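The next block is work.txt, given as compact mmCIF, C-alpha atoms.
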```
# COMPACT_ATOMS: atom_id res chain seq x y z
CA MET A 1 0.00 0.00 0.00
CA ASP A 2 2.84 2.37 0.90
CA VAL A 3 4.68 1.54 -2.31
CA LEU A 4 1.52 1.96 -4.37
CA LEU A 5 0.72 5.36 -2.86
CA PHE A 6 4.32 6.50 -3.25
CA LEU A 7 4.49 5.40 -6.89
CA ILE A 8 1.16 7.03 -7.78
CA PHE A 9 1.92 10.37 -6.21
CA ALA A 10 5.60 10.42 -7.17
CA SER A 11 4.66 9.87 -10.81
CA ILE A 12 2.01 12.60 -10.57
CA ALA A 13 4.66 14.92 -9.13
CA VAL A 14 7.18 14.12 -11.85
CA VAL A 15 4.66 14.40 -14.69
CA CYS A 16 3.37 17.72 -13.36
CA GLY A 17 6.97 18.88 -12.83
CA VAL A 18 7.81 18.12 -16.46
CA ASN A 19 4.61 19.91 -17.43
CA VAL A 20 5.68 23.02 -15.51
CA VAL A 21 8.81 23.20 -17.63
CA VAL A 22 7.43 22.30 -21.06
CA GLN A 23 4.11 24.17 -21.13
CA SER A 24 4.37 27.37 -23.10
CA HIS A 25 1.54 29.19 -21.36
CA PRO A 26 2.25 30.35 -17.78
CA ILE A 27 -1.22 29.50 -16.49
CA SER A 28 -0.74 25.84 -17.51
CA SER A 29 2.58 25.83 -15.69
CA ALA A 30 0.92 27.27 -12.60
CA VAL A 31 -1.82 24.63 -12.55
CA SER A 32 0.81 21.89 -13.01
CA LEU A 33 2.78 23.36 -10.12
CA ILE A 34 -0.33 23.08 -7.94
CA GLY A 35 -0.40 19.38 -8.93
CA VAL A 36 3.23 18.97 -7.84
CA MET A 37 2.54 20.65 -4.51
CA GLY A 38 -0.58 18.60 -3.82
CA SER A 39 1.14 15.29 -4.51
CA LEU A 40 4.12 16.36 -2.41
CA ALA A 41 1.68 17.05 0.45
CA VAL A 42 0.54 13.41 0.23
CA LEU A 43 4.18 12.26 0.32
CA TYR A 44 4.75 14.41 3.43
CA LEU A 45 1.81 12.63 5.05
CA LEU A 46 3.40 9.27 4.18
CA LEU A 47 6.57 10.47 5.91
CA GLY A 48 4.62 11.38 9.04
CA ALA A 49 4.74 15.16 8.59
CA GLU A 50 1.10 16.00 9.19
CA PHE A 51 1.57 19.65 10.04
CA ILE A 52 3.88 20.33 7.11
CA ALA A 53 1.47 18.56 4.75
CA ALA A 54 -1.36 20.83 5.90
CA ALA A 55 0.87 23.89 5.67
CA GLN A 56 1.96 22.81 2.18
CA VAL A 57 -1.63 22.73 0.97
CA ILE A 58 -2.65 25.94 2.73
CA VAL A 59 0.43 28.10 2.19
CA TYR A 60 1.90 26.79 -1.06
CA ALA A 61 -1.00 25.41 -3.05
CA GLY A 62 -3.37 27.94 -1.53
CA ALA A 63 -1.77 31.29 -0.92
CA ILE A 64 1.37 31.40 -3.07
CA MET A 65 -0.16 29.86 -6.17
CA VAL A 66 -3.21 32.12 -5.94
CA LEU A 67 -0.77 35.04 -5.89
CA PHE A 68 0.94 33.63 -9.00
CA ILE A 69 -2.33 33.13 -10.85
CA PHE A 70 -3.48 36.63 -9.88
CA VAL A 71 -0.32 38.11 -11.36
CA ILE A 72 -0.57 35.98 -14.51
CA MET A 73 -4.14 37.15 -15.07
CA LEU A 74 -3.34 40.74 -14.11
CA LEU A 75 -0.49 40.96 -16.63
CA ASN A 76 -2.43 39.00 -19.23
CA ALA A 77 0.67 36.90 -19.83
CA GLY A 78 0.46 35.12 -23.14
CA GLY A 79 2.21 32.04 -24.37
CA GLU A 80 5.92 32.06 -24.91
CA THR A 81 7.03 32.25 -28.50
CA ARG A 82 9.15 29.27 -29.38
CA ARG A 83 12.57 30.13 -30.59
CA GLY A 84 14.15 27.99 -33.22
CA ARG A 85 16.12 25.17 -31.65
CA SER A 86 19.05 23.59 -33.36
CA PHE A 87 18.64 20.14 -34.84
CA LEU A 88 21.18 18.70 -32.43
CA ALA A 89 19.28 20.05 -29.40
CA GLN A 90 16.00 18.56 -30.66
CA LEU A 91 17.65 15.22 -31.31
CA LEU A 92 19.70 14.89 -28.13
CA GLY A 93 17.76 16.89 -25.56
CA VAL A 94 15.31 14.34 -24.23
CA PRO A 95 17.68 11.30 -24.24
CA LEU A 96 20.39 13.31 -22.51
CA LEU A 97 17.92 14.53 -19.88
CA ILE A 98 16.75 10.98 -19.21
CA ALA A 99 20.36 9.76 -19.04
CA PHE A 100 21.24 12.56 -16.61
CA LEU A 101 18.28 11.82 -14.35
CA GLY A 102 19.03 8.09 -14.43
CA LEU A 103 22.67 8.72 -13.54
CA MET A 104 21.60 10.97 -10.69
CA ALA A 105 19.19 8.33 -9.39
CA TYR A 106 21.99 5.77 -9.58
CA PHE A 107 24.36 7.94 -7.56
CA VAL A 108 21.74 8.70 -4.90
CA GLN A 109 21.06 4.98 -4.67
CA GLN A 110 24.80 4.34 -4.29
CA LEU A 111 25.07 7.00 -1.57
CA PHE A 112 22.47 5.25 0.55
CA PRO A 113 23.09 1.54 0.12
CA GLY A 114 20.67 -0.67 1.97
CA SER A 115 18.70 2.39 2.92
CA PRO A 116 15.98 1.88 5.53
CA VAL A 117 12.39 1.61 4.41
CA VAL A 118 9.72 4.16 5.15
CA HIS A 119 6.64 2.83 6.91
CA PHE A 120 3.57 4.98 7.25
CA GLY A 121 3.00 5.77 10.92
CA ALA A 122 6.48 4.80 12.12
CA PHE A 123 7.35 8.41 12.94
CA GLN A 124 4.84 10.21 15.13
CA GLY A 125 6.88 13.38 15.75
CA GLY A 126 5.38 15.49 12.97
CA THR A 127 2.09 16.42 14.60
CA ALA A 128 1.10 20.04 15.06
CA GLN A 129 1.79 19.61 18.78
CA ALA A 130 5.37 18.42 18.32
CA VAL A 131 6.15 20.99 15.64
CA GLY A 132 4.65 23.78 17.72
CA ARG A 133 6.56 22.72 20.81
CA ALA A 134 9.87 22.76 18.92
CA LEU A 135 8.97 26.02 17.17
CA PHE A 136 8.18 27.93 20.36
CA THR A 137 10.97 26.59 22.53
CA GLN A 138 14.08 25.58 20.61
CA PHE A 139 13.46 27.73 17.53
CA LEU A 140 11.82 30.76 19.15
CA LEU A 141 14.40 33.30 17.97
CA PRO A 142 14.35 32.19 14.28
CA PHE A 143 10.57 32.19 14.45
CA GLU A 144 10.45 35.79 15.65
CA VAL A 145 13.09 36.84 13.11
CA VAL A 146 11.15 35.25 10.30
CA SER A 147 7.98 37.05 11.41
CA VAL A 148 9.87 40.35 11.11
CA LEU A 149 11.13 39.20 7.70
CA ILE A 150 7.62 38.53 6.43
CA LEU A 151 6.45 41.94 7.73
CA ILE A 152 9.27 43.60 5.79
CA ALA A 153 8.34 41.56 2.72
CA ILE A 154 4.72 42.73 2.94
CA LEU A 155 5.83 46.35 3.22
CA GLY A 156 8.26 45.89 0.33
CA ALA A 157 5.59 44.35 -1.86
CA VAL A 158 3.20 47.20 -1.13
CA VAL A 159 5.86 49.83 -1.86
CA LEU A 160 7.00 48.13 -5.05
CA ALA A 161 3.58 47.41 -6.49
CA GLN A 162 1.80 50.67 -5.69
CA LYS A 163 0.95 53.03 -8.47
CA GLU A 164 2.93 56.22 -8.49
CA MET A 165 0.65 59.08 -7.52
CA ASP A 166 1.46 62.32 -9.22
CA MET B 1 3.80 -4.91 4.60
CA THR B 2 6.69 -3.60 2.58
CA GLY B 3 7.73 0.00 2.77
CA VAL B 4 9.32 2.39 0.34
CA PRO B 5 13.14 2.69 0.46
CA LEU B 6 14.25 6.04 1.77
CA SER B 7 16.41 6.64 -1.29
CA TRP B 8 13.34 6.73 -3.55
CA TYR B 9 12.17 9.87 -1.80
CA LEU B 10 15.63 11.40 -2.24
CA ILE B 11 15.67 10.42 -5.92
CA LEU B 12 12.27 12.05 -6.40
CA SER B 13 13.57 15.15 -4.68
CA ALA B 14 16.65 15.22 -6.92
CA VAL B 15 14.54 14.74 -10.06
CA LEU B 16 12.19 17.58 -9.11
CA PHE B 17 15.16 19.82 -8.32
CA ALA B 18 16.74 19.03 -11.70
CA LEU B 19 13.46 19.86 -13.43
CA GLY B 20 13.37 23.16 -11.56
CA VAL B 21 16.92 23.97 -12.65
CA ALA B 22 16.05 23.08 -16.25
CA GLY B 23 13.00 25.36 -16.16
CA PHE B 24 15.03 28.14 -14.59
CA LEU B 25 17.67 27.92 -17.30
CA PHE B 26 15.59 27.29 -20.40
CA ARG B 27 12.41 29.26 -19.96
CA ARG B 28 12.13 32.85 -21.14
CA ASN B 29 8.95 33.93 -19.37
CA ILE B 30 9.83 35.61 -16.08
CA ILE B 31 6.79 34.16 -14.27
CA THR B 32 7.67 30.62 -15.35
CA VAL B 33 11.26 31.17 -14.19
CA PHE B 34 9.85 32.19 -10.83
CA MET B 35 7.66 29.08 -10.68
CA SER B 36 10.73 26.94 -11.40
CA ILE B 37 12.36 28.43 -8.31
CA GLU B 38 9.29 27.40 -6.30
CA LEU B 39 9.64 23.89 -7.72
CA MET B 40 13.25 23.74 -6.52
CA LEU B 41 12.24 24.92 -3.05
CA ASN B 42 9.61 22.19 -2.90
CA ALA B 43 12.18 19.55 -3.86
CA VAL B 44 14.49 20.71 -1.07
CA ASN B 45 11.58 20.58 1.38
CA LEU B 46 10.97 16.95 0.45
CA SER B 47 14.63 16.20 1.25
CA PHE B 48 14.33 17.90 4.62
CA ILE B 49 11.21 15.92 5.53
CA THR B 50 12.79 12.64 4.38
CA PHE B 51 15.90 13.12 6.51
CA SER B 52 13.71 14.22 9.38
CA TYR B 53 11.89 10.89 9.13
CA GLN B 54 15.19 9.01 8.93
CA LEU B 55 16.67 10.72 12.01
CA ARG B 56 13.33 10.65 13.88
CA GLN B 57 13.68 14.35 14.67
CA VAL B 58 11.32 17.23 14.17
CA ASN B 59 14.06 19.69 13.17
CA GLY B 60 13.66 19.01 9.46
CA HIS B 61 9.99 19.92 9.70
CA ILE B 62 10.92 23.23 11.29
CA TYR B 63 13.44 23.97 8.55
CA SER B 64 10.96 23.21 5.80
CA PHE B 65 8.42 25.39 7.61
CA PHE B 66 10.92 28.25 7.50
CA VAL B 67 11.58 27.54 3.83
CA MET B 68 7.83 27.88 3.21
CA VAL B 69 7.69 31.20 5.05
CA VAL B 70 10.69 32.57 3.16
CA ALA B 71 9.16 31.32 -0.11
CA ALA B 72 5.96 33.19 0.68
CA ALA B 73 7.90 36.39 1.38
CA GLU B 74 9.96 35.87 -1.75
CA ALA B 75 6.87 35.29 -3.87
CA ALA B 76 5.24 38.49 -2.60
CA VAL B 77 8.31 40.65 -3.26
CA GLY B 78 9.22 38.90 -6.52
CA LEU B 79 5.77 39.23 -8.00
CA ALA B 80 5.71 42.91 -7.01
CA ILE B 81 9.03 43.32 -8.84
CA ILE B 82 7.56 41.51 -11.87
CA LEU B 83 4.58 43.90 -11.79
CA THR B 84 6.93 46.89 -11.73
CA VAL B 85 9.07 45.52 -14.54
CA PHE B 86 5.99 44.88 -16.65
CA ARG B 87 4.65 48.35 -15.95
CA ASN B 88 7.90 49.97 -17.02
CA ARG B 89 8.78 47.79 -20.00
CA SER B 90 5.53 46.06 -21.08
CA THR B 91 7.31 42.74 -21.49
CA LEU B 92 7.71 39.53 -19.53
CA ASN B 93 10.54 38.14 -21.64
CA ILE B 94 13.73 38.02 -19.62
CA ASP B 95 15.82 38.51 -22.77
CA ASP B 96 14.31 41.98 -23.14
CA VAL B 97 15.11 42.96 -19.56
CA SER B 98 18.84 43.38 -19.98
CA SER B 99 19.67 46.95 -19.00
CA MET B 100 22.19 45.75 -16.39
CA LYS B 101 24.01 43.67 -18.99
CA ASN B 102 26.07 46.43 -20.59
```

Step by step, read the file and then write its structure as structure tokens.
Amino acid sequence: MDVLLFLIFASIAVVCGVNVVVQSHPISSAVSLIGVMGSLAVLYLLLGAEFIAAAQVIVYAGAIMVLFIFVIMLLNAGGETRRGRSFLAQLLGVPLLIAFLGLMAYFVQQLFPGSPVVHFGAFQGGTAQAVGRALFTQFLLPFEVVSVLILIAILGAVVLAQKEMD
Amino acid sequence: MTGVPLSWYLILSAVLFALGVAGFLFRRNIITVFMSIELMLNAVNLSFITFSYQLRQVNGHIYSFFVMVVAAAEAAVGLAIILTVFRNRSTLNIDDVSSMKN
């Protein structure tokens, strides 16, 4: 069951990830990116990270992607015009990419020989309670710093995006 | 019940990161370039969560939470910059935004 769920959602993530890169229209890329983020949320759940999975759906797939889609619609971004690619690039591009990814997978596999298996439910430390406890005790200072950072980012976004009043 | 080897998660993370790098390098639309960066951040988050599972510690979750917060801040500021660039130049093609090149 674990393997099945992993394979289904990993292939969804990879297919949507490829789609992000190859689609010419930004809105198609954005929708594919939402697919990647949703399937990654399921994988986080399989790894026992309940809180991060919820935050992934709410923050990434919810807030950030809505921001992206707003900007795409606001700017009326059209499709990208294809530039002429050389014959060699068309011929070798996809096989070289597959070879590169396969080589990378091989090296990661070599780095972790006899790697332990992931069982759903074996790690219970990712609940909102555990994450909150670590966040407000051990990581209190980074948490406060990052809240200041996001305040500055909001102010910066407002300043940058406002219309100049004459 | 058989489980999934840990390295499969890391391979998936590496593949998604490589796709993000490819999108960042090959795309010409500034919004798509930005989305490729988000894809890379997501791949790194998956690595953090996987190692957090392996070490049975919650620290990786905290780091990926911080990555999410920084990504949100970055998206807000970056999209504001994209809006400004579009307002000034009426283009989203990164080849046309090259005034710092010369």

Step by step: start from the point (10.4, 24.3, 5.5) in the file's coordinates, keep every protein, DNA or RNA residue that has an atom no farther than 12 Å from it, count only C-alpha atoms, and write the set as a compact mmCIF listing (two decimals) with C-alpha atoms, keeping the file's coordinate frame.
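Here's the written file point34.txt:
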```
# COMPACT_ATOMS: atom_id res chain seq x y z
CA TYR A 44 4.75 14.41 3.43
CA ALA A 49 4.74 15.16 8.59
CA PHE A 51 1.57 19.65 10.04
CA ILE A 52 3.88 20.33 7.11
CA ALA A 53 1.47 18.56 4.75
CA ALA A 55 0.87 23.89 5.67
CA GLN A 56 1.96 22.81 2.18
CA VAL A 59 0.43 28.10 2.19
CA TYR A 60 1.90 26.79 -1.06
CA VAL A 131 6.15 20.99 15.64
CA LEU A 135 8.97 26.02 17.17
CA PHE A 143 10.57 32.19 14.45
CA VAL A 146 11.15 35.25 10.30
CA LEU B 41 12.24 24.92 -3.05
CA ASN B 42 9.61 22.19 -2.90
CA ALA B 43 12.18 19.55 -3.86
CA VAL B 44 14.49 20.71 -1.07
CA ASN B 45 11.58 20.58 1.38
CA LEU B 46 10.97 16.95 0.45
CA SER B 47 14.63 16.20 1.25
CA PHE B 48 14.33 17.90 4.62
CA ILE B 49 11.21 15.92 5.53
CA THR B 50 12.79 12.64 4.38
CA SER B 52 13.71 14.22 9.38
CA VAL B 58 11.32 17.23 14.17
CA ASN B 59 14.06 19.69 13.17
CA GLY B 60 13.66 19.01 9.46
CA HIS B 61 9.99 19.92 9.70
CA ILE B 62 10.92 23.23 11.29
CA TYR B 63 13.44 23.97 8.55
CA SER B 64 10.96 23.21 5.80
CA PHE B 65 8.42 25.39 7.61
CA PHE B 66 10.92 28.25 7.50
CA VAL B 67 11.58 27.54 3.83
CA MET B 68 7.83 27.88 3.21
CA VAL B 69 7.69 31.20 5.05
CA VAL B 70 10.69 32.57 3.16
CA ALA B 71 9.16 31.32 -0.11
CA ALA B 72 5.96 33.19 0.68
```

> Residues at most 9 Å from B:Leu39, counting only C-alpha atoms, excluding those fewer than 5 positions away in the same chain, as a list in words?
Replying inline: Gly17, Val20, Leu33, Val36 and Met37 of chain A; Leu16, Phe17, Leu19, Gly20, Val21, Phe34 and Val44 of chain B

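The residue that comes closest to B:Pro5, out of A:Gly132, A:Pro116, A:Pro95, A:Gly48 and on the basis of only C-alpha atoms, is A:Pro116.
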
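Nearest-residue note for A:Ser147: choosing from B:Ala73, B:Ala80, B:Leu55, B:Met40, the minimum distance belongs to B:Ala73, counting all atoms listed in the file.
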
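For the pair atom CA of A:Gly93 and atom CA of B:Leu25, the interatomic distance is 13.8 Å.
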
> Around (4.0, 14.1, -10.8) in the file's own coordinates, what residues are found within 10 Å if you use only C-alpha atoms, given back as number ranges by chain?
Replying inline: A: 7-19, 32-33, 35-40; B: 12, 16

Taking all atoms of stretch 40-58 of chain B that the file lists, what box with edges along x, y and z, padded by 3 Å per side, do you get, with centre and edge lengths in Å to one decimal, as AutoDock Vina command-line options?
```
--center_x 13.1 --center_y 17.0 --center_z 4.1 --size_x 13.1 --size_y 21.9 --size_z 27.2
```

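Proximity to chain B was assessed for A:Val148, A:Ile64, A:Leu5, A:Leu97 counting all atoms listed in the file; the smallest distance is recorded for A:Ile64.
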
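Nearest to chain B of all the residues A:Val21, A:Met65, A:Ile27, A:Ala54 is A:Val21, based on only C-alpha atoms.
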
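Among the candidates B:Val85, B:Val33, B:Ala18, B:Val77, the one nearest to chain A when counting all atoms listed in the file is B:Val77.
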
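Atom pair atom CA of A:Ile72 / atom CA of A:Val31: separated by 11.6 Å.
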
>> Quick one: residues within 10 Å of B:Ser7, only C-alpha atoms, excluding same-chain residues fewer than 6 positions away - as a list in words?
In response: Ala105, Val108, Gln109, Gln110, Leu111, Phe112, Pro113, Gly114, Ser115, Pro116, Val117 and Val118 of chain A; Ser13 and Thr50 of chain B

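Taking atom CA of A:Ser29 and atom CA of B:Thr32 as endpoints, the distance between them is 7.0 Å.
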
>> Just want the 9 Å neighbourhood of A:Gly78, counted on all atoms listed in the file, with same-chain residues fewer than 3 positions away dropped. Output as a PyMOL selection string.
In response: chain A and resi 24-27+72+75+81
